[in-house]
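Structure data follow from upload.cif (mmCIF, C-alpha atoms):
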data_upload
loop_
_atom_site.label_atom_id
_atom_site.label_comp_id
_atom_site.auth_asym_id
_atom_site.auth_seq_id
_atom_site.Cartn_x
_atom_site.Cartn_y
_atom_site.Cartn_z
CA MET A 1 -10.46 7.78 -17.04
CA LYS A 2 -13.15 5.90 -18.93
CA TRP A 3 -13.68 2.82 -16.80
CA GLN A 4 -17.41 2.38 -16.09
CA GLY A 5 -18.99 -0.70 -17.62
CA ARG A 6 -15.70 -2.16 -18.85
CA LYS A 7 -14.24 -5.62 -18.32
CA ARG A 8 -13.02 -6.39 -14.81
CA SER A 9 -10.02 -8.57 -13.95
CA SER A 10 -10.81 -11.97 -12.47
CA ASN A 11 -7.64 -11.78 -10.38
CA ILE A 12 -9.14 -9.80 -7.50
CA GLN A 13 -9.38 -11.32 -4.04
CA ASP A 14 -11.93 -9.54 -1.86
CA ARG A 15 -10.95 -10.06 1.78
CA ARG A 16 -12.56 -6.89 3.09
CA GLY A 17 -14.14 -7.30 6.48
CA SER A 18 -12.96 -10.88 6.87
CA GLY A 19 -10.35 -10.09 9.51
CA GLY A 20 -6.69 -10.70 8.78
CA GLY A 21 -3.88 -11.36 11.17
CA MET A 22 -0.19 -11.06 11.79
CA PHE A 23 2.22 -13.05 9.73
CA ARG A 24 5.94 -13.59 9.45
CA ARG A 25 7.72 -13.44 6.13
CA SER A 26 8.27 -16.79 4.45
CA SER A 27 11.50 -17.74 2.68
CA GLY A 28 12.63 -15.59 -0.24
CA THR A 29 11.67 -15.99 -3.86
CA GLY A 30 14.14 -17.59 -6.23
CA GLY A 31 15.15 -16.35 -9.65
CA SER A 32 17.90 -14.83 -11.70
CA GLY A 33 18.28 -11.83 -13.95
CA PHE A 34 18.29 -11.91 -17.75
CA ARG A 35 17.79 -9.56 -20.66
CA ILE A 36 14.68 -9.81 -22.78
CA PRO A 37 15.16 -9.06 -26.49
CA THR A 38 13.87 -5.65 -27.50
CA GLY A 39 10.72 -5.81 -29.56
CA GLY A 40 7.88 -3.49 -30.53
CA ARG A 41 4.16 -3.28 -30.02
CA ALA A 42 2.29 -2.45 -33.19
CA GLY A 43 2.13 1.32 -33.42
CA GLY A 44 3.59 1.83 -29.98
CA GLY A 45 7.09 0.38 -29.73
CA MET A 46 6.50 -1.66 -26.59
CA GLY A 47 9.91 -3.35 -26.48
CA ILE A 48 10.97 -4.64 -23.05
CA GLY A 49 14.54 -4.36 -21.84
CA MET A 50 16.33 -5.32 -18.67
CA ILE A 51 13.90 -5.58 -15.75
CA VAL A 52 15.03 -5.88 -12.14
CA ILE A 53 13.03 -7.13 -9.12
CA VAL A 54 13.06 -6.14 -5.50
CA LEU A 55 10.68 -6.67 -2.68
CA ILE A 56 8.81 -3.36 -2.32
CA VAL A 57 6.30 -2.10 0.24
CA GLY A 58 4.62 1.20 0.95
CA ALA A 59 5.35 2.76 -2.43
CA VAL A 60 3.30 5.79 -1.55
CA LEU A 61 3.81 6.17 2.17
CA GLY A 62 7.57 5.79 1.99
CA ILE A 63 7.98 2.59 4.03
CA ASN A 64 11.55 1.36 3.77
CA PRO A 65 11.48 -1.87 1.70
CA MET A 66 14.35 -3.28 3.74
CA SER A 67 11.84 -3.89 6.53
CA LEU A 68 10.21 -6.59 4.44
CA LEU A 69 13.46 -8.36 3.73
CA ASP A 70 13.98 -9.03 7.41
CA GLY A 71 10.31 -9.66 8.19
CA SER A 72 10.05 -6.76 10.61
CA LEU A 73 6.65 -5.67 9.34
CA GLY A 74 5.00 -8.79 10.69
CA THR A 75 5.18 -11.21 13.60
CA GLY A 76 3.74 -14.62 14.31
CA THR A 77 3.75 -17.80 12.26
CA SER A 78 3.36 -18.32 8.56
CA GLY A 79 -0.02 -19.20 7.07
CA GLN A 80 -2.66 -18.14 4.63
CA GLY A 81 -4.40 -14.80 4.42
CA SER A 82 -8.00 -14.28 5.43
CA VAL A 83 -10.80 -15.81 3.40
CA SER A 84 -11.64 -14.26 0.03
CA ARG A 85 -15.16 -13.87 -1.29
CA PRO A 86 -16.42 -13.13 -4.79
CA LEU A 87 -16.16 -9.52 -5.89
CA PRO A 88 -19.58 -7.79 -5.78
CA ASP A 89 -21.43 -7.75 -9.07
CA ALA A 90 -20.51 -4.95 -11.44
CA GLY A 91 -22.22 -1.73 -10.48
CA GLU A 92 -22.60 -2.62 -6.80
CA ASP A 93 -19.23 -1.31 -5.59
CA ASP A 94 -17.76 1.45 -7.73
CA LEU A 95 -14.32 1.54 -6.10
CA ALA A 96 -13.83 -2.23 -6.33
CA ASP A 97 -15.06 -2.10 -9.94
CA PHE A 98 -12.56 0.65 -10.68
CA VAL A 99 -9.63 -1.33 -9.26
CA ALA A 100 -10.67 -4.45 -11.18
CA VAL A 101 -10.93 -2.53 -14.47
CA VAL A 102 -7.51 -0.90 -14.01
CA VAL A 103 -5.96 -4.26 -13.18
CA GLN A 104 -7.52 -5.74 -16.32
CA ASP A 105 -5.93 -2.97 -18.39
CA THR A 106 -2.52 -3.74 -16.89
CA GLU A 107 -3.02 -7.41 -17.71
CA ASP A 108 -3.90 -6.62 -21.31
CA LEU A 109 -0.81 -4.43 -21.69
CA TRP A 110 1.72 -6.73 -20.09
CA THR A 111 0.32 -9.87 -21.72
CA GLU A 112 0.92 -8.20 -25.08
CA VAL A 113 4.43 -7.07 -24.19
CA PHE A 114 5.47 -10.46 -22.82
CA VAL A 115 4.09 -12.33 -25.86
CA GLU A 116 6.11 -10.11 -28.17
CA ASN A 117 9.20 -11.11 -26.25
CA GLY A 118 8.48 -14.85 -26.26
CA MET A 119 7.28 -14.92 -22.67
CA THR A 120 4.06 -15.61 -20.82
CA TYR A 121 2.68 -12.98 -18.48
CA GLU A 122 1.29 -14.43 -15.26
CA PRO A 123 -1.02 -11.85 -13.65
CA ALA A 124 -0.69 -10.84 -10.04
CA ALA A 125 -3.63 -11.22 -7.70
CA VAL A 126 -4.83 -7.96 -6.17
CA VAL A 127 -6.04 -8.40 -2.60
CA LEU A 128 -8.60 -5.95 -1.23
CA PHE A 129 -8.55 -5.95 2.57
CA THR A 130 -9.76 -3.90 5.52
CA GLY A 131 -7.41 -2.88 8.32
CA THR A 132 -4.94 -5.76 8.33
CA ASP A 133 -4.35 -8.97 6.43
CA ARG A 134 -1.65 -11.60 6.03
CA SER A 135 0.88 -11.66 3.24
CA ALA A 136 3.92 -13.78 2.51
CA CYS A 137 5.97 -10.64 3.19
CA GLY A 138 4.57 -9.85 6.60
CA LEU A 139 1.63 -7.92 7.94
CA ALA A 140 -0.49 -6.12 5.38
CA ASP A 141 -1.63 -3.02 7.22
CA ALA A 142 -3.67 -0.12 5.93
CA ARG A 143 -1.09 2.24 7.45
CA THR A 144 1.68 1.00 5.14
CA GLY A 145 -0.23 1.85 1.99
CA PRO A 146 -0.53 -0.42 -1.07
CA PHE A 147 2.36 -2.80 -1.70
CA TYR A 148 3.45 -5.71 -3.83
CA CYS A 149 4.69 -8.94 -2.24
CA PRO A 150 6.79 -11.15 -4.55
CA GLY A 151 6.56 -14.03 -2.04
CA ASP A 152 2.94 -14.65 -3.05
CA GLN A 153 2.82 -12.40 -6.14
CA ASN A 154 -0.04 -10.36 -4.70
CA VAL A 155 -0.72 -6.65 -4.55
CA TYR A 156 -2.33 -5.62 -1.26
CA ILE A 157 -4.52 -2.56 -0.88
CA ASP A 158 -6.96 -1.25 1.71
CA LEU A 159 -9.26 0.92 -0.38
CA SER A 160 -9.47 3.50 2.41
CA PHE A 161 -5.99 4.48 1.25
CA TYR A 162 -7.52 6.41 -1.61
CA GLU A 163 -9.17 8.79 0.82
CA THR A 164 -5.76 9.25 2.43
CA LEU A 165 -4.27 9.93 -0.99
CA ARG A 166 -6.87 12.64 -1.58
CA SER A 167 -7.13 14.28 1.82
CA GLN A 168 -3.63 13.93 3.30
CA PHE A 169 -1.46 13.86 0.19
CA GLY A 170 -3.40 16.29 -1.96
CA ALA A 171 -3.63 13.84 -4.86
CA PRO A 172 -7.31 13.47 -5.81
CA GLY A 173 -8.74 11.92 -8.94
CA ASP A 174 -9.34 8.45 -10.31
CA PHE A 175 -6.21 8.51 -12.44
CA ALA A 176 -4.06 9.23 -9.39
CA GLN A 177 -5.58 6.08 -7.92
CA ALA A 178 -4.93 4.16 -11.11
CA TYR A 179 -1.29 5.30 -11.13
CA VAL A 180 -0.78 3.69 -7.71
CA ILE A 181 -2.13 0.37 -8.98
CA ALA A 182 -0.07 0.50 -12.18
CA HIS A 183 3.06 1.22 -10.11
CA GLU A 184 2.52 -1.86 -7.95
CA ILE A 185 1.85 -4.03 -11.00
CA GLY A 186 5.12 -2.64 -12.33
CA HIS A 187 6.84 -4.37 -9.42
CA HIS A 188 5.12 -7.60 -10.41
CA VAL A 189 6.50 -7.21 -13.92
CA GLN A 190 9.94 -6.83 -12.34
CA ASN A 191 9.32 -9.91 -10.23
CA LEU A 192 8.45 -12.09 -13.19
CA VAL A 193 11.96 -11.63 -14.56
CA GLY A 194 13.20 -13.35 -11.40
CA VAL A 195 16.20 -11.39 -10.13
CA LEU A 196 15.09 -10.79 -6.53
CA PRO A 197 17.77 -13.13 -5.12
CA GLU A 198 20.45 -11.02 -6.82
CA TYR A 199 19.04 -7.90 -5.22
CA SER A 200 18.64 -9.57 -1.83
CA GLN A 201 22.21 -10.80 -1.96
CA ALA A 202 23.57 -7.47 -3.14
CA ILE A 203 22.14 -5.44 -0.28
CA GLN A 204 23.72 -7.75 2.29
CA SER A 205 27.08 -6.14 1.56
CA MET A 206 25.77 -2.60 1.09
CA SER A 207 25.55 0.25 3.51
CA GLU A 208 22.05 1.40 4.36
CA ALA A 209 22.53 4.49 2.21
CA ASP A 210 23.65 2.42 -0.81
CA ALA A 211 20.76 -0.02 -0.35
CA ASN A 212 18.35 2.89 -0.21
CA ALA A 213 19.84 4.31 -3.41
CA TYR A 214 19.36 0.93 -5.12
CA SER A 215 15.75 0.89 -3.94
CA VAL A 216 15.17 4.34 -5.47
CA ARG A 217 16.22 3.08 -8.91
CA ILE A 218 13.82 0.15 -8.67
CA GLU A 219 10.94 2.36 -7.56
CA LEU A 220 11.56 4.81 -10.38
CA GLN A 221 11.47 1.98 -12.87
CA ALA A 222 8.05 1.00 -11.52
CA ASP A 223 6.98 4.63 -12.00
CA CYS A 224 8.20 4.45 -15.60
CA TYR A 225 6.22 1.25 -16.10
CA ALA A 226 3.16 3.06 -14.75
CA GLY A 227 3.80 5.65 -17.44
CA ILE A 228 3.96 2.88 -20.06
CA TRP A 229 0.55 1.75 -18.84
CA ALA A 230 -0.77 5.32 -19.10
CA SER A 231 0.50 5.46 -22.69
CA TYR A 232 -1.29 2.20 -23.46
CA VAL A 233 -4.54 3.49 -21.93
CA GLY A 234 -4.22 6.61 -24.06
CA GLU A 235 -3.79 4.60 -27.21
CA GLU A 236 -6.97 2.74 -26.30
CA ASN A 237 -8.79 6.11 -26.13
CA LEU A 238 -9.58 5.70 -22.45
CA LEU A 239 -8.00 8.89 -21.10
CA GLU A 240 -10.03 11.94 -20.14
CA ASP A 241 -8.97 15.56 -19.77
CA GLY A 242 -6.81 16.01 -16.69
CA ASP A 243 -5.92 12.35 -16.19
CA ILE A 244 -2.19 12.65 -16.82
CA ALA A 245 -2.06 15.81 -14.71
CA GLU A 246 -3.60 13.83 -11.83
CA ALA A 247 -0.90 11.16 -12.07
CA ILE A 248 1.91 13.72 -12.30
CA ASN A 249 0.53 15.56 -9.29
CA ALA A 250 0.36 12.29 -7.34
CA ALA A 251 3.99 11.56 -8.24
CA GLU A 252 4.91 15.00 -6.92
CA GLN A 253 3.02 14.60 -3.68
CA ILE A 254 4.51 11.18 -2.86
CA GLY A 255 8.17 11.93 -3.54
CA ASP A 256 10.47 11.17 -0.62
CA ASP A 257 11.42 14.82 -0.28
CA ALA A 258 7.80 15.97 -0.26
CA ILE A 259 6.80 13.35 2.31
CA GLN A 260 9.76 14.13 4.58
CA ARG A 261 9.18 17.86 4.32
CA ARG A 262 5.51 17.36 5.15
CA THR A 263 5.95 14.89 8.02
CA GLN A 264 9.24 15.88 9.69
CA GLY A 265 10.08 19.31 8.32
CA VAL A 266 13.53 18.28 7.09
CA VAL A 267 14.75 16.41 4.01
CA ILE A 268 17.42 13.70 4.40
CA PRO A 269 18.42 12.45 0.92
CA LYS A 270 20.42 9.43 2.11
CA THR A 271 17.22 7.96 3.55
CA PHE A 272 15.26 8.22 0.31
CA THR A 273 13.87 4.87 -0.87
CA HIS A 274 11.44 5.89 -3.64
CA GLY A 275 12.87 9.01 -5.27
CA THR A 276 12.23 12.72 -5.16
CA SER A 277 9.08 14.32 -6.49
CA ALA A 278 10.98 15.51 -9.56
CA GLN A 279 12.43 12.05 -10.21
CA ARG A 280 9.09 10.29 -9.86
CA GLN A 281 7.41 12.76 -12.19
CA ASP A 282 10.26 12.52 -14.69
CA TRP A 283 10.26 8.73 -14.92
CA PHE A 284 6.48 8.50 -15.15
CA GLU A 285 6.56 11.03 -17.97
CA ARG A 286 9.36 9.16 -19.74
CA GLY A 287 7.25 6.02 -19.82
CA TYR A 288 4.15 7.90 -20.89
CA SER A 289 5.87 9.92 -23.61
CA SER A 290 7.76 7.00 -25.15
CA GLY A 291 5.37 4.09 -24.68
CA ASN A 292 8.53 1.99 -24.79
CA VAL A 293 9.74 -0.13 -21.91
CA GLY A 294 13.28 0.21 -23.21
CA THR A 295 13.28 3.79 -21.93
CA CYS A 296 12.77 2.59 -18.35
CA ASP A 297 16.39 1.66 -17.62
CA THR A 298 16.94 3.41 -14.29
CA PHE A 299 20.07 1.40 -13.59
CA SER A 300 22.39 3.08 -16.10
CA GLY A 301 23.76 6.51 -15.41
CA THR A 302 22.24 9.20 -13.27
CA ILE A 303 18.57 9.36 -12.35
#

Could you express the structure from this file as C-alpha cells?
Amino acid sequence: MKWQGRKRSSNIQDRRGSGGGMFRRSSGTGGSGFRIPTGGRAGGGMGIGMIVIVLIVGAVLGINPMSLLDGSLGTGTSGQGSVSRPLPDAGEDDLADFVAVVVQDTEDLWTEVFVENGMTYEPAAVVLFTGTDRSACGLADARTGPFYCPGDQNVYIDLSFYETLRSQFGAPGDFAQAYVIAHEIGHHVQNLVGVLPEYSQAIQSMSEADANAYSVRIELQADCYAGIWASYVGEENLLEDGDIAEAINAAEQIGDDAIQRRTQGVVIPKTFTHGTSAQRQDWFERGYSSGNVGTCDTFSGTI
C-alpha cells in the first residue's frame, strides 16, 4: 500500500508507555436503528444501506463480544484512560505513521459516504497503547487484540499485535494490518447509526448460540465495510501488487474455524462469533468488488 509521506489523521491518541489500568464498563450507548437512503459515490456507487451496531471486541483473536456487554473484561471503577501525548512527527515512527494514514483514508471514505446520505461522519479516535489501557468497555489488553468500543467511540490497538498477526497467524504485510484497522472502523460506522440498544436488548432473550450467530452477521458486515475501504483505496491508486491477497489471507487466518482448529484442535460452529474463514473472505471480497455499501447486508438470508 502506498502510504509513506501521506496525510495522517489527527484523531490518534498515543498512550503508549503511559501505563493504563483496569476499568469497569460504563452504562450502554443509546440509539435506534434506521435506514439511510441509497445513494452513489461518483464513479463508485457508494450508497449506504441498513447499518447495525453491536459492541465488538477482539475481532481478530476471537474474543466473545458478549464479555463486553457484561463488563467481564475489566474490573475496578470507571474513569479516564491513561494520558495521551502528541503523535511523533512524521517519519519518526513508521508504524504509528502507517496507522494514522490508514485511519485518514477511512475518514475520507466515510465522510464522503455520509455526506451523500445527508449525514455527518464523526471520526473515531484510535488509541495506541502498550500492554493495558482503560476503555469505556472494560480493560484494553494487548492479549485481546484490536477492538472498537462504542461507549467512548474509540478503537484500541497495541501495535505489538501486528507482530502477532505476522508470526502467530501467518498474515504478514501492511495491507493485512490495514484490513484490521478498516474492520474496526467499520464497527464505528455501524455505531454511528445508533442501534446498539436494539442489539443489546435482543440478545437478552437469545440463547448463547443465537447471540453468537447474530454477532457473526455483524462482524461479517464490518469485513464487507473493510472491503469497501479497500475498493476506495484502489480507486485512489494507492494499492500495490499483492495488497488484496494480503487482506484475503488475513481474513482466512482469523476465521473462527481456523482459530479454533489452530488453538484447540476442534471446530465448534455454535461458538463462532466472527465467521468462518470462507465467510470472512467472501464478505471482504463482496465489499471490494462492488464498492457499494448496499451489498453489505449480512442480515438478510444466509451468510

Quick check on the file I pasted: which residues fall under the PyMOL selection byres ((chain A and resi 172-179) around 10)? Write them as a count of residues only.
46

A straight line from atom CA of Gln260 of chain A to atom CA of Ser160 of chain A spans 22.1 Å

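Distance annotation: of A:Phe147, A:Tyr232, A:Trp110, A:Tyr214, the residue with the minimal separation from Ser300 of chain A is A:Tyr214; atom set is all atoms listed in the file.
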
> Care to translate the PyMOL selection byres ((chain A and resi 104) around 10) into actual residues of this file, as an MDAnalysis selection string?
Replying inline: chainID A and resid 6:12 98:103 105:109 123

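Across A:Pro150, A:Pro269, A:Gly291, A:Gly275, the tightest approach to Ser231 of chain A is made by A:Gly291 when counting all atoms listed in the file.
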
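In this structure, atom CA of Val126 of chain A sits 6.0 Å away from atom CA of Tyr156 of chain A.
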
| said: Which residues are close to Ile254 of chain A, i.e. within 7 Å by all atoms listed in the file, leaving aside same-chain residues fewer than 4 positions away? Reply as an NGL selection string. | reply: :A and (60 or 250 or 258-259 or 277)

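Our summary of the geometry notes that atom CA of Asp97 of chain A is positioned 11.5 Å from atom CA of Leu128 of chain A.
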
Practice prompt. Quick one: everything within 9 Å of His188 of chain A, counting all atoms listed in the file, minus sequence neighbours fewer than 2 positions away in the same chain. Send it as a ChimeraX atom specification.
Written response: /A:53,123-124,148-150,153-155,184-186,190-193

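Each of A:Gly5, A:Asn292, A:Arg143, A:Ser207 was compared to Glu92 of chain A using only C-alpha atoms, and A:Gly5 turns out to be the nearest.
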
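Take the candidates A:Leu220, A:Ala209, A:Val189, A:Val83 and check each one against Phe272 of chain A using all atoms listed in the file; the shortest distance goes to A:Ala209.
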
Closest of A:Gln253, A:Thr276, A:Ser215, A:Thr271 to Phe299 of chain A, counting all atoms listed in the file, is A:Ser215

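Those residues that approach segment 13-18 of chain A to within 8 Å, counting only C-alpha atoms, are A:Ser82, A:Val83, A:Ser84, A:Arg85, A:Pro86, A:Leu87, A:Ala125, A:Val126, A:Val127, A:Leu128, A:Phe129, A:Thr130; same-chain residues fewer than 4 positions away are not listed.
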